[in-house]
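*Asks:* Here it is: the structure, laid out below.
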Amino acid sequence: MSCALTGAVTTKKHCPAIPYTPVEIAEEAKRAYDAGAAVVHIHARNDDGSPTWSTDTFAKIMAETKARCPVMINWSTGGAGPMSERVHHLTQRPHIAALNMGSMNYAKWSSEKKAFAFNFVFANSFDDIVAFAKAMRENNIKPEMECFDVGHTNSHKVLADLGLIAAPFHFSFIMGVLGGIPASARHLAFQAEQVPAGSRWKVIGISREQWPLAMAALSLGGDVRVGLEDNFYLPNGEMARSNGELVAAAAELVKLSGRSVATVDEAKQLLWPQGGHN
C-alpha cells in the first residue's frame, strides 16, 4: 500500500489534516506507516502551504521521515514549471520517484456552475519523460510510471527499449481526472491488461472514486494508493483526520479481499527481487 501525504494544490482550508512543513509531513508519514503503508508519496511545500521544489526542503522532509520510521520514500516530479526545476531533488536518492508518462488536458468540471473549477494542459513531452527516466536511473531510483490513460501506459515501451527501466516495471493508474481515463472497474481492468507480465501496478482513484477503485484493484491483483493528496473522505463519508485513517481503511479492504498488507521489506522484495534498492 502507498499513501500520498499532501499533494501540491489543496490546503488546510479544504482539509485541516493536510501537512505543510517537513515535520508535519514526516508525522503524517509515520501515521501512514503505522497503519500499514509501505510507501509514502511526497510533494514538498513551503511553510505557508505553497508548493516548492527546494532541494533543502526535500532533504528536511527525508531526514524527518527517516528519523520516525523506515517507510519507503517516493518523490514527486510532476507539476508546473520546466523540467529542469523538478529533477534536482532526485540526487537525494529516494527509493521511488513518480514519472508522468504523457501529456493531457487536466480539468475539473462543475455541472452545477457549468464551468471549469480548473482547466489546463498537463505537459509531459517524450523528451522530458526520457530525461527524468535517465536521472532516476543515474540515482538508482525505481520509476513509478504514472499513467492517466492507455497511451501513457504503452509509452513505457520507449523507456524499456532505451534500457531506462528495469523489471519488474512499476505502474500507477490515475483514474477520475477529466481529460484522462474514466474511473471504472472496467477501465481499470483494461489498463491492467496493458502491462507486461510480472509488473507491479496500483490504482490512484481521485476523490470518492478512491474506494470502489481500490476494491477493484484488489480483486484484479493490483495494489492501492490512498492519501489526502487524492481524497479527503473515509468510506463512511467522514472527512479523514489523518493519512493514517485512510491507510487503515484501505488495510481493512485488503483483509476483506483475502490478501495481506505488505510490510516495507516485503514491498522491497516485490519491487527489487534481485535487491539493489536505495
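Naming works like this for the C-alpha cells: A, B, ... for the chains as they're shown, residue 1 at the start of each chain, ligands 1 onward in shown order.
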Mind dumping a table of every stretch 136-203 of chain A residue within 12 Å of stretch 247-269 of chain A, with the nearest atom pair and its distance in Å to one decimal, using only C-alpha atoms, sorted by chain and rising number, as JSON lines?
*Replies:*
{"residue": "A:Lys142", "atom": "CA", "partner": "A:Lys268", "partner_atom": "CA", "distance": 10.7}
{"residue": "A:Pro168", "atom": "CA", "partner": "A:Gln269", "partner_atom": "CA", "distance": 10.6}
{"residue": "A:His170", "atom": "CA", "partner": "A:Ala267", "partner_atom": "CA", "distance": 11.8}
{"residue": "A:Arg200", "atom": "CA", "partner": "A:Ala267", "partner_atom": "CA", "distance": 10.3}
*Asks:* Would you save the residues of that selection, restricted to C-alpha atoms, as an mmCIF file, in the first residue's frame?
*Replies:*
data_model
loop_
_atom_site.group_PDB
_atom_site.id
_atom_site.type_symbol
_atom_site.label_atom_id
_atom_site.label_comp_id
_atom_site.auth_asym_id
_atom_site.auth_seq_id
_atom_site.Cartn_x
_atom_site.Cartn_y
_atom_site.Cartn_z
ATOM 1 C CA LYS A 142 12.651 2.933 -9.285
ATOM 2 C CA PRO A 168 9.609 -5.578 -12.594
ATOM 3 C CA HIS A 170 6.081 -0.220 -11.652
ATOM 4 C CA ARG A 200 3.548 -4.194 -10.263
#
*Asks:* Would you list, as a PyMOL selection string, the residues of stretch 149-263 of chain A that end up in alpha helix (DSSP H) under DSSP run on this structure's backbone?
*Replies:* chain A and resi 150-154+156-161+185-193+210-220+243-256
*Asks:* Would you kindly return, as a short mmCIF file (atom, residue, chain, number, x, y, z; two decimals) with C-alpha atoms, in the first residue's frame, each protein, DNA or RNA residue with an atom no farther than 12 Å from any atom of A:Cys69, considering only C-alpha atoms and excluding same-chain residues fewer than 3 positions away?
*Replies:*
data_model
loop_
_atom_site.label_atom_id
_atom_site.label_comp_id
_atom_site.auth_asym_id
_atom_site.auth_seq_id
_atom_site.Cartn_x
_atom_site.Cartn_y
_atom_site.Cartn_z
CA ALA A 26 7.04 13.34 8.46
CA GLU A 27 4.47 12.93 11.22
CA GLU A 28 1.88 12.01 8.58
CA ALA A 29 4.37 9.56 7.04
CA LYS A 30 4.70 7.89 10.44
CA ARG A 31 0.91 7.67 10.83
CA ALA A 32 0.61 6.14 7.36
CA TYR A 33 3.43 3.66 8.07
CA ASP A 34 1.93 2.65 11.41
CA ALA A 35 -1.39 1.95 9.65
CA GLY A 36 0.25 -0.28 7.03
CA ALA A 37 1.70 1.86 4.22
CA ALA A 38 4.99 0.62 2.79
CA VAL A 39 5.50 3.71 0.58
CA VAL A 40 4.74 7.40 1.04
CA MET A 62 13.59 12.96 4.09
CA ALA A 63 15.59 13.43 7.28
CA GLU A 64 12.49 13.99 9.42
CA THR A 65 10.75 10.98 7.90
CA LYS A 66 13.73 8.63 8.30
CA MET A 72 9.96 3.85 1.58
CA ILE A 73 10.03 7.38 0.17
CA VAL A 264 8.24 -2.48 3.87
#
*Asks:* Residues near A:Val224, anyone? I mean within 6 Å using only C-alpha atoms, not counting same-chain ones fewer than 4 positions away, as a list in words.
*Replies:*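 The neighbour list is Met1, Lys202, Val203 and Ala214 of chain A.
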*Asks:* Restricted to C-alpha atoms, what would the selected residues look like written as a tab-separated table (two decimals), in the first residue's frame?
*Replies:*
chain	number	residue	atom	x	y	z
A	1	MET	CA	0.00	0.00	0.00
A	202	LYS	CA	-1.70	0.12	-8.49
A	203	VAL	CA	-4.71	2.37	-8.82
A	214	ALA	CA	-9.33	0.25	-4.56
*Asks:* If we count only C-alpha atoms, what is near A:Arg225 at a cut-off of 6 Å, once residues fewer than 6 positions away on the same chain are taken out, given as a PDB file with N, CA, C and O atoms, in the first residue's frame?
*Replies:*
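Heads up, here's the output in result-v1.pdb:
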ATOM      1  N   MET A   1       0.834  -1.186   0.000  1.00  0.00           N
ATOM      2  CA  MET A   1       0.000   0.000   0.000  1.00  0.00           C
ATOM      3  C   MET A   1       0.877   1.246   0.000  1.00  0.00           C
ATOM      4  O   MET A   1       1.912   1.311   0.662  1.00  0.00           O
ATOM      5  N   SER A   2       0.439   2.250  -0.757  1.00  0.00           N
ATOM      6  CA  SER A   2       1.099   3.541  -0.816  1.00  0.00           C
ATOM      7  C   SER A   2       0.171   4.607  -0.256  1.00  0.00           C
ATOM      8  O   SER A   2      -1.053   4.456  -0.303  1.00  0.00           O
ATOM      9  N   CYS A   3       0.778   5.688   0.237  1.00  0.00           N
ATOM     10  CA  CYS A   3      -0.011   6.800   0.743  1.00  0.00           C
ATOM     11  C   CYS A   3       0.572   8.104   0.222  1.00  0.00           C
ATOM     12  O   CYS A   3       1.766   8.369   0.395  1.00  0.00           O
ATOM     13  N   ILE A 204      -4.824   4.760  -8.499  1.00  0.00           N
ATOM     14  CA  ILE A 204      -4.937   6.017  -7.768  1.00  0.00           C
ATOM     15  C   ILE A 204      -6.297   6.599  -8.130  1.00  0.00           C
ATOM     16  O   ILE A 204      -6.468   7.185  -9.199  1.00  0.00           O
TER      17      ILE A 204
END
*Asks:* Please list as a PyMOL selection string every residue within 8 Å of stretch 100-106 of chain A, counting only C-alpha atoms and excluding residues in the same chain fewer than 4 positions away.
*Replies:* chain A and resi 77-78+119-126+129+145-148+151-153+155-156+177-180
*Asks:* Between A:Met83, A:Leu162, A:Ala167, A:Val195, which one has atoms that come closest to A:Phe132, using only C-alpha atoms?
*Replies:*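 Smallest separation from A:Phe132 among the options: A:Met83.
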*Asks:* Quick one: distance from atom CA of A:Asn236 to atom CA of A:Arg208 in Å, one decimal?
*Replies:* 10.4 Å
*Asks:* Ranking A:Pro143, A:Leu99, A:Gly198, A:Pro19 by minimum distance to A:Leu270 and counting only C-alpha atoms, which one comes first?
*Replies:* A:Gly198
*Asks:* If we count only C-alpha atoms, what is near A:His89 at a cut-off of 7 Å, once residues fewer than 2 positions away on the same chain are taken out, given as a ChimeraX atom specification?
*Replies:* /A:55,58,87,91-92
*Asks:* Could the residues in this selection be written to a file with N, CA and C atoms, as a PDB file, in the first residue's frame?
*Replies:*
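This is the output file selection.pdb:
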ATOM      1  N   THR A  55      15.467  21.881  -2.931  1.00  0.00           N
ATOM      2  CA  THR A  55      16.150  20.648  -2.535  1.00  0.00           C
ATOM      3  C   THR A  55      16.368  20.609  -1.027  1.00  0.00           C
ATOM      4  N   PHE A  58      13.131  19.261   0.489  1.00  0.00           N
ATOM      5  CA  PHE A  58      13.036  17.818   0.299  1.00  0.00           C
ATOM      6  C   PHE A  58      13.999  17.081   1.234  1.00  0.00           C
ATOM      7  N   VAL A  87      13.949  18.177 -11.059  1.00  0.00           N
ATOM      8  CA  VAL A  87      14.785  16.989 -11.140  1.00  0.00           C
ATOM      9  C   VAL A  87      15.907  16.962 -10.107  1.00  0.00           C
ATOM     10  N   THR A  91      18.721  13.631  -6.691  1.00  0.00           N
ATOM     11  CA  THR A  91      20.061  13.271  -6.219  1.00  0.00           C
ATOM     12  C   THR A  91      20.045  12.830  -4.755  1.00  0.00           C
ATOM     13  N   GLN A  92      18.939  13.065  -4.060  1.00  0.00           N
ATOM     14  CA  GLN A  92      18.816  12.586  -2.671  1.00  0.00           C
ATOM     15  C   GLN A  92      18.474  11.101  -2.611  1.00  0.00           C
TER      16      GLN A  92
END
*Asks:* One decimal, in Å: what's the spacing between atom CA of A:Leu218 and atom CA of A:Ala240?
*Replies:*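 Atom CA of A:Leu218 sits 21.8 Å away from atom CA of A:Ala240.
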